[in-house]
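Worksheet: one structure, shown below.
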Amino acid sequence: MAIFMRAKKLFSTSLRSFTRFQRWNHTLGERSLQVDTSKWKKIQASKVGISASMISHPSWVVLNILHKGGFEAYLVGGCVRDLLLNRIPKDFDVITTANLKQIRSRFHRAVIIGRRFPICRVQIKGSIIEVSSFETVAKHDEEKEKTLPSLVPNRCDEKDLIRWRNSRNRDFTINSLFFDPFTSNIYDYNDGMSDLKLLKLRTLIPAHVSFQEDCARILRGLRIAARLCLSFSRDIERAMHDLSASIGGLDKFRLMLEINYMLSYGAAVPSICLLQRFNLLNILLPFQAAYIDQQRSAKNSMMLMKLFFNLDKLVSCDHPADSNLW
C-alpha cells in the first residue's frame with residue numbers, strides 16, 4: 001500500500017511538472033525553454049498612424065509627471081490596441097517603473113486599490129487614469145518561479161526584459177503592447193500586431209489555463225471580439241465552451257461591470273449574440289435571455305434586439321450609455 005501511495009504521489013508530481021512545462025512551451029512558442037527574441041518588434045508609432053495628439057490630456061499629465069520624476073512610463077494594453085485600429089480608446093492605462101507608493105505620492109488625488117494585482121487610480125481633472133507598476137507583476141513572477149523554471153532571454157537589455165516579463169502576464173496578445181510616447185516606440189513581444197492585423201483573438205498561454213486562472217477573461221474576450229469584430233483561435237473557442245459556466249462564480253460587482261462594458265459602448269448587439277453563442281446570456285441576463293428565446297420560438301419580431309441595435313448607433317467609447325438602463 002505504501003509503495004502504491006508513493007507511486008501515485010510521484011505520478012501526480014510528474015503530471016503537474018509536465019503541465020507546467022507545456023504551459024511554458026505555449027507561452028514562448030517554442031519546444032524548448034529558449035526565448036526567441038528575434039520575434040520581438042520595436043515599431044515607430046508614426047509608421048502605424050499613431051501621434052501624440054491621440055493621447056488624452058489627463059493621460060499626458062500622468063505620463064509627464066512620472067517621466068519627470070525619473071521613471072519609465074508607457075501606455076499599455078487596450079488603449080494601444082485601439083490607437084493602432086484608429087479607434088477612440090475606452091480609457092488610457094499607464095504602466096511605470098515607479099512602485100505604487102511612489103506613484104501615489106506624486107499625485108494629489110490617488111488611491112491604491114486591488115489585492116492580487118493592485119493598481120493606483122489617479123484622478124486628473126475629472127478623469128480616472130489607472131496606473132500599474134512593473135514591480136507588482138515582477139513580484140507575482142517571483143512566486144511563480146519558485147516552482148517554474150526561470151527564463152531570461154539572451155541578448156536583451158534590462159528595459160526589454162522588464163517589458164517582456166510584464167507582457168507574458170497579459171490576457172491576450174493584442175493587449176500586450178507597450179507604447180512609449182516619449183520615444184514614439186511601440187513594443188511587441190508576442191506577435192500582437194500580427195494578430196491585430198488578422199483581427200484574431202489569441203491568448204498568451206493555453207486558453208484553458210488562462211481562463212481557469214481568471215474566468216473573467218472569457219467575458220473580456222467576448223467584449224473585445226464584439227467591439228472589434230474579432231475571430232477566435234480554436235483554442236479560445238474550445239475553452240470558452242468548456243469553461244463558460246465558471247463565470248457564475250464571479251462576484252456580482254464584477255459581473256455588472258462586464259455587462260456594462262458590453263452594452264454601453266456601441267457593441268450591445270454583437271455582445272448579446274456572442275453571449276448566446278457561448279451559453280452565457282442566461283447566466284448574465286436571465287430575463288432578457290428568456291424573452292429572446294420566447295420571441296424566437298414564437299417567430300415574433302425581436303423588439304429587444306432592435307432597441308439594442310438603435311442604441312448602438314447612439315453610443316460609443318467617448319459617449320457611453322448610462323448603466324442604469326439595464
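Following the order of the C-alpha cells, chains are lettered A, B, ..., residues in each are numbered from 1, and ligands are numbered from 1.
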Counting only C-alpha atoms, which residues of region 174-246 of chain A fall within 9 Å of region 77-86 of chain A, and what is the closest atom pair for each with its distance in Å at one decimal, ordered by chain and rising number, as a tab-separated table?
```
residue	atom	partner	partner_atom	distance
A:Ile174	CA	A:Arg81	CA	6.2
A:Asn175	CA	A:Gly77	CA	4.2
A:Ser176	CA	A:Gly77	CA	5.5
A:Leu177	CA	A:Gly77	CA	5.8
A:Phe178	CA	A:Val80	CA	6.9
A:Phe179	CA	A:Val80	CA	6.6
A:Ile186	CA	A:Val80	CA	8.5
A:Gly192	CA	A:Arg81	CA	8.8
A:Met193	CA	A:Arg81	CA	8.3
A:Leu196	CA	A:Arg81	CA	7.7
A:Lys197	CA	A:Leu85	CA	8.9
A:Leu228	CA	A:Leu85	CA	8.9
```
- Would you mind listing what lies within 7 Å of region 35-48 of chain A as a ChimeraX atom specification, with only C-alpha atoms counted and same-chain residues fewer than 5 positions away left out? /A:28,84,153,184-189
What's around Tyr291 (chain A) at 10 Å? Count only C-alpha atoms, leave out sequence neighbours fewer than 4 positions away in its own chain, and write the answer as a PDB file with N, CA and C atoms, in the first residue's frame.
```
ATOM      1  N   PRO A 286     -30.682  36.733 -17.338  1.00  0.00           N
ATOM      2  CA  PRO A 286     -31.658  35.641 -17.490  1.00  0.00           C
ATOM      3  C   PRO A 286     -33.020  36.085 -18.012  1.00  0.00           C
ATOM      4  N   PHE A 287     -33.515  37.244 -17.558  1.00  0.00           N
ATOM      5  CA  PHE A 287     -34.827  37.703 -18.020  1.00  0.00           C
ATOM      6  C   PHE A 287     -34.803  38.053 -19.503  1.00  0.00           C
ATOM      7  N   GLN A 295     -39.479  35.022 -27.909  1.00  0.00           N
ATOM      8  CA  GLN A 295     -39.767  35.705 -29.169  1.00  0.00           C
ATOM      9  C   GLN A 295     -39.310  34.880 -30.366  1.00  0.00           C
ATOM     10  N   ARG A 296     -38.183  34.228 -30.194  1.00  0.00           N
ATOM     11  CA  ARG A 296     -37.640  33.433 -31.295  1.00  0.00           C
ATOM     12  C   ARG A 296     -38.523  32.212 -31.563  1.00  0.00           C
ATOM     13  N   SER A 297     -38.971  31.553 -30.505  1.00  0.00           N
ATOM     14  CA  SER A 297     -39.813  30.358 -30.675  1.00  0.00           C
ATOM     15  C   SER A 297     -41.177  30.719 -31.250  1.00  0.00           C
ATOM     16  N   MET A 302     -37.981  40.709 -33.065  1.00  0.00           N
ATOM     17  CA  MET A 302     -37.096  40.795 -31.899  1.00  0.00           C
ATOM     18  C   MET A 302     -36.996  42.245 -31.435  1.00  0.00           C
ATOM     19  N   MET A 303     -38.010  42.714 -30.704  1.00  0.00           N
ATOM     20  CA  MET A 303     -38.060  44.107 -30.290  1.00  0.00           C
ATOM     21  C   MET A 303     -36.856  44.491 -29.439  1.00  0.00           C
ATOM     22  N   LEU A 304     -36.461  43.613 -28.530  1.00  0.00           N
ATOM     23  CA  LEU A 304     -35.334  43.918 -27.647  1.00  0.00           C
ATOM     24  C   LEU A 304     -34.055  44.122 -28.457  1.00  0.00           C
TER      25      LEU A 304
END
```
- Task: Have a look at A:Ser316, A:Ser59, A:Ser210, A:Thr136 and name the one nearest to Thr97 (chain A); count only C-alpha atoms.
- Result: A:Thr136
- Message: Under the rule that only C-alpha atoms are counted, which of A:Asn169, A:Ser244, A:Asn260, A:Asn310 is the nearest residue to Asn279 (chain A)?
- Response: A:Ser244
DSSP on the backbone: what in region 122-218 of chain A comes out helix (DSSP H, G or I), as a JSON list (two decimals) with N, CA and C atoms, in the first residue's frame?
```json
[["chain", "number", "residue", "atom", "x", "y", "z"],
["A", 134, "PHE", "N", 5.36, 48.01, -12.86],
["A", 134, "PHE", "CA", 6.06, 46.80, -13.28],
["A", 134, "PHE", "C", 6.42, 45.94, -12.08],
["A", 135, "GLU", "N", 6.65, 46.58, -10.94],
["A", 135, "GLU", "CA", 7.07, 45.86, -9.74],
["A", 135, "GLU", "C", 6.00, 44.86, -9.28],
["A", 136, "THR", "N", 4.73, 45.21, -9.45],
["A", 136, "THR", "CA", 3.64, 44.34, -9.00],
["A", 136, "THR", "C", 3.67, 42.99, -9.68],
["A", 137, "VAL", "N", 3.77, 43.01, -11.02],
["A", 137, "VAL", "CA", 3.82, 41.75, -11.77],
["A", 137, "VAL", "C", 5.14, 41.03, -11.54],
["A", 138, "ALA", "N", 6.23, 41.78, -11.36],
["A", 138, "ALA", "CA", 7.53, 41.16, -11.09],
["A", 138, "ALA", "C", 7.48, 40.33, -9.80],
["A", 139, "LYS", "N", 6.79, 40.85, -8.78],
["A", 139, "LYS", "CA", 6.65, 40.10, -7.52],
["A", 139, "LYS", "C", 5.82, 38.84, -7.74],
["A", 140, "HIS", "N", 4.77, 38.96, -8.57],
["A", 140, "HIS", "CA", 3.94, 37.79, -8.89],
["A", 140, "HIS", "C", 4.76, 36.74, -9.63],
["A", 141, "ASP", "N", 5.63, 37.20, -10.54],
["A", 141, "ASP", "CA", 6.50, 36.28, -11.28],
["A", 141, "ASP", "C", 7.48, 35.56, -10.36],
["A", 142, "GLU", "N", 7.96, 36.27, -9.33],
["A", 142, "GLU", "CA", 8.89, 35.65, -8.38],
["A", 142, "GLU", "C", 8.23, 34.46, -7.69],
["A", 143, "GLU", "N", 6.95, 34.59, -7.37],
["A", 143, "GLU", "CA", 6.22, 33.49, -6.75],
["A", 143, "GLU", "C", 6.12, 32.31, -7.71],
["A", 144, "LYS", "N", 5.84, 32.61, -8.99],
["A", 144, "LYS", "CA", 5.75, 31.55, -10.00],
["A", 144, "LYS", "C", 7.07, 30.82, -10.15],
["A", 158, "GLU", "N", 17.94, 45.55, -20.17],
["A", 158, "GLU", "CA", 17.10, 45.46, -18.98],
["A", 158, "GLU", "C", 15.68, 45.96, -19.21],
["A", 159, "LYS", "N", 15.54, 47.03, -20.00],
["A", 159, "LYS", "CA", 14.21, 47.58, -20.25],
["A", 159, "LYS", "C", 13.36, 46.61, -21.05],
["A", 160, "ASP", "N", 13.98, 45.97, -22.05],
["A", 160, "ASP", "CA", 13.25, 44.96, -22.82],
["A", 160, "ASP", "C", 12.82, 43.81, -21.92],
["A", 161, "LEU", "N", 13.70, 43.40, -21.05],
["A", 161, "LEU", "CA", 13.41, 42.29, -20.15],
["A", 161, "LEU", "C", 12.22, 42.61, -19.24],
["A", 162, "ILE", "N", 12.20, 43.82, -18.70],
["A", 162, "ILE", "CA", 11.10, 44.24, -17.81],
["A", 162, "ILE", "C", 9.78, 44.25, -18.57],
["A", 163, "ARG", "N", 9.80, 44.83, -19.78],
["A", 163, "ARG", "CA", 8.56, 44.89, -20.57],
["A", 163, "ARG", "C", 8.10, 43.50, -20.98],
["A", 164, "TRP", "N", 9.05, 42.65, -21.41],
["A", 164, "TRP", "CA", 8.71, 41.29, -21.85],
["A", 164, "TRP", "C", 8.09, 40.48, -20.72],
["A", 165, "ARG", "N", 8.70, 40.55, -19.53],
["A", 165, "ARG", "CA", 8.18, 39.80, -18.39],
["A", 165, "ARG", "C", 6.75, 40.23, -18.07],
["A", 166, "ASN", "N", 6.50, 41.53, -18.14],
["A", 166, "ASN", "CA", 5.15, 42.03, -17.86],
["A", 166, "ASN", "C", 4.16, 41.58, -18.93],
["A", 167, "SER", "N", 4.60, 41.58, -20.19],
["A", 167, "SER", "CA", 3.70, 41.23, -21.29],
["A", 167, "SER", "C", 3.20, 39.80, -21.19],
["A", 173, "THR", "N", -2.83, 38.52, -26.70],
["A", 173, "THR", "CA", -1.65, 39.08, -27.37],
["A", 173, "THR", "C", -1.88, 40.52, -27.81],
["A", 174, "ILE", "N", -3.09, 40.84, -28.26],
["A", 174, "ILE", "CA", -3.37, 42.20, -28.74],
["A", 174, "ILE", "C", -3.43, 43.21, -27.60],
["A", 175, "ASN", "N", -3.45, 42.73, -26.36],
["A", 175, "ASN", "CA", -3.43, 43.61, -25.19],
["A", 175, "ASN", "C", -2.05, 43.66, -24.53],
["A", 192, "GLY", "N", 1.51, 40.46, -31.18],
["A", 192, "GLY", "CA", 0.21, 41.11, -31.00],
["A", 192, "GLY", "C", -0.23, 41.91, -32.21],
["A", 193, "MET", "N", 0.71, 42.58, -32.86],
["A", 193, "MET", "CA", 0.35, 43.39, -34.02],
["A", 193, "MET", "C", -0.06, 42.51, -35.20],
["A", 194, "SER", "N", 0.57, 41.36, -35.35],
["A", 194, "SER", "CA", 0.17, 40.41, -36.40],
["A", 194, "SER", "C", -1.25, 39.92, -36.17],
["A", 195, "ASP", "N", -1.56, 39.58, -34.90],
["A", 195, "ASP", "CA", -2.92, 39.14, -34.57],
["A", 195, "ASP", "C", -3.92, 40.26, -34.80],
["A", 196, "LEU", "N", -3.49, 41.49, -34.53],
["A", 196, "LEU", "CA", -4.38, 42.64, -34.73],
["A", 196, "LEU", "C", -4.69, 42.84, -36.21],
["A", 197, "LYS", "N", -3.68, 42.66, -37.04],
["A", 197, "LYS", "CA", -3.90, 42.78, -38.49],
["A", 197, "LYS", "C", -4.85, 41.70, -38.99],
["A", 207, "ALA", "N", -5.50, 28.59, -23.66],
["A", 207, "ALA", "CA", -6.73, 29.29, -23.26],
["A", 207, "ALA", "C", -7.38, 28.66, -22.03],
["A", 208, "HIS", "N", -7.39, 27.33, -21.95],
["A", 208, "HIS", "CA", -7.97, 26.68, -20.77],
["A", 208, "HIS", "C", -7.25, 27.11, -19.50],
["A", 209, "VAL", "N", -5.94, 27.17, -19.55],
["A", 209, "VAL", "CA", -5.15, 27.59, -18.38],
["A", 209, "VAL", "C", -5.44, 29.05, -18.05],
["A", 210, "SER", "N", -5.46, 29.89, -19.08],
["A", 210, "SER", "CA", -5.71, 31.33, -18.90],
["A", 210, "SER", "C", -7.05, 31.59, -18.26],
["A", 211, "PHE", "N", -8.11, 30.93, -18.76],
["A", 211, "PHE", "CA", -9.46, 31.16, -18.26],
["A", 211, "PHE", "C", -9.68, 30.52, -16.89],
["A", 212, "GLN", "N", -8.93, 29.47, -16.59],
["A", 212, "GLN", "CA", -9.01, 28.89, -15.25],
["A", 212, "GLN", "C", -8.33, 29.79, -14.23],
["A", 213, "GLU", "N", -7.29, 30.48, -14.64],
["A", 213, "GLU", "CA", -6.63, 31.45, -13.76],
["A", 213, "GLU", "C", -7.57, 32.61, -13.44],
["A", 216, "ALA", "N", -12.93, 35.71, -15.68],
["A", 216, "ALA", "CA", -13.43, 36.98, -16.21],
["A", 216, "ALA", "C", -12.82, 37.28, -17.58],
["A", 217, "ARG", "N", -11.71, 36.63, -17.88],
["A", 217, "ARG", "CA", -11.09, 36.81, -19.21],
["A", 217, "ARG", "C", -12.01, 36.32, -20.32],
["A", 218, "ILE", "N", -12.90, 35.38, -20.01],
["A", 218, "ILE", "CA", -13.86, 34.92, -21.00],
["A", 218, "ILE", "C", -14.76, 36.08, -21.42]]
```
- Task: Find, counting only C-alpha atoms, the residue in A:Ala268, A:Leu307, A:Val122, A:Ile283 that gets nearest to Ile65 (chain A).
- Result: A:Val122
- Enter the distance from CA of Ser233 (chain A) to CA of Pro206 (chain A), in Å, rounded to one decimal.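 Interatomic distance, CA of Ser233 (chain A) to CA of Pro206 (chain A): 10.7 Å.
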- Message: If you run DSSP on the backbone here, which positions in region 34-143 of chain A get strand (DSSP E)? Please write them as a ChimeraX atom specification.
- Response: /A:41-44,73-76,93-96,110-113,119-124,127-133
- Between A:Ile55, A:Ala98, A:Ile50, A:Ile129, which has the minimum distance to Gly69 (chain A) (counting only C-alpha atoms)?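 Looking at the shortest contact to Gly69 (chain A), the residue is A:Ala98.
With only C-alpha atoms as the atoms that count, the minimum distance from Gly266 (chain A) to the choices A:Ser51, A:Leu311, A:Ile128, A:Phe92 is reached by A:Leu311.
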- Excluding same-chain residues fewer than 3 positions from Pro320 (chain A), what lies within 6 Å of it counting only C-alpha atoms, as a list in words?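 Neighbouring residues, sequence-local ones excluded: Ser264, Tyr265, Val315, Ser316 and Cys317 of chain A.
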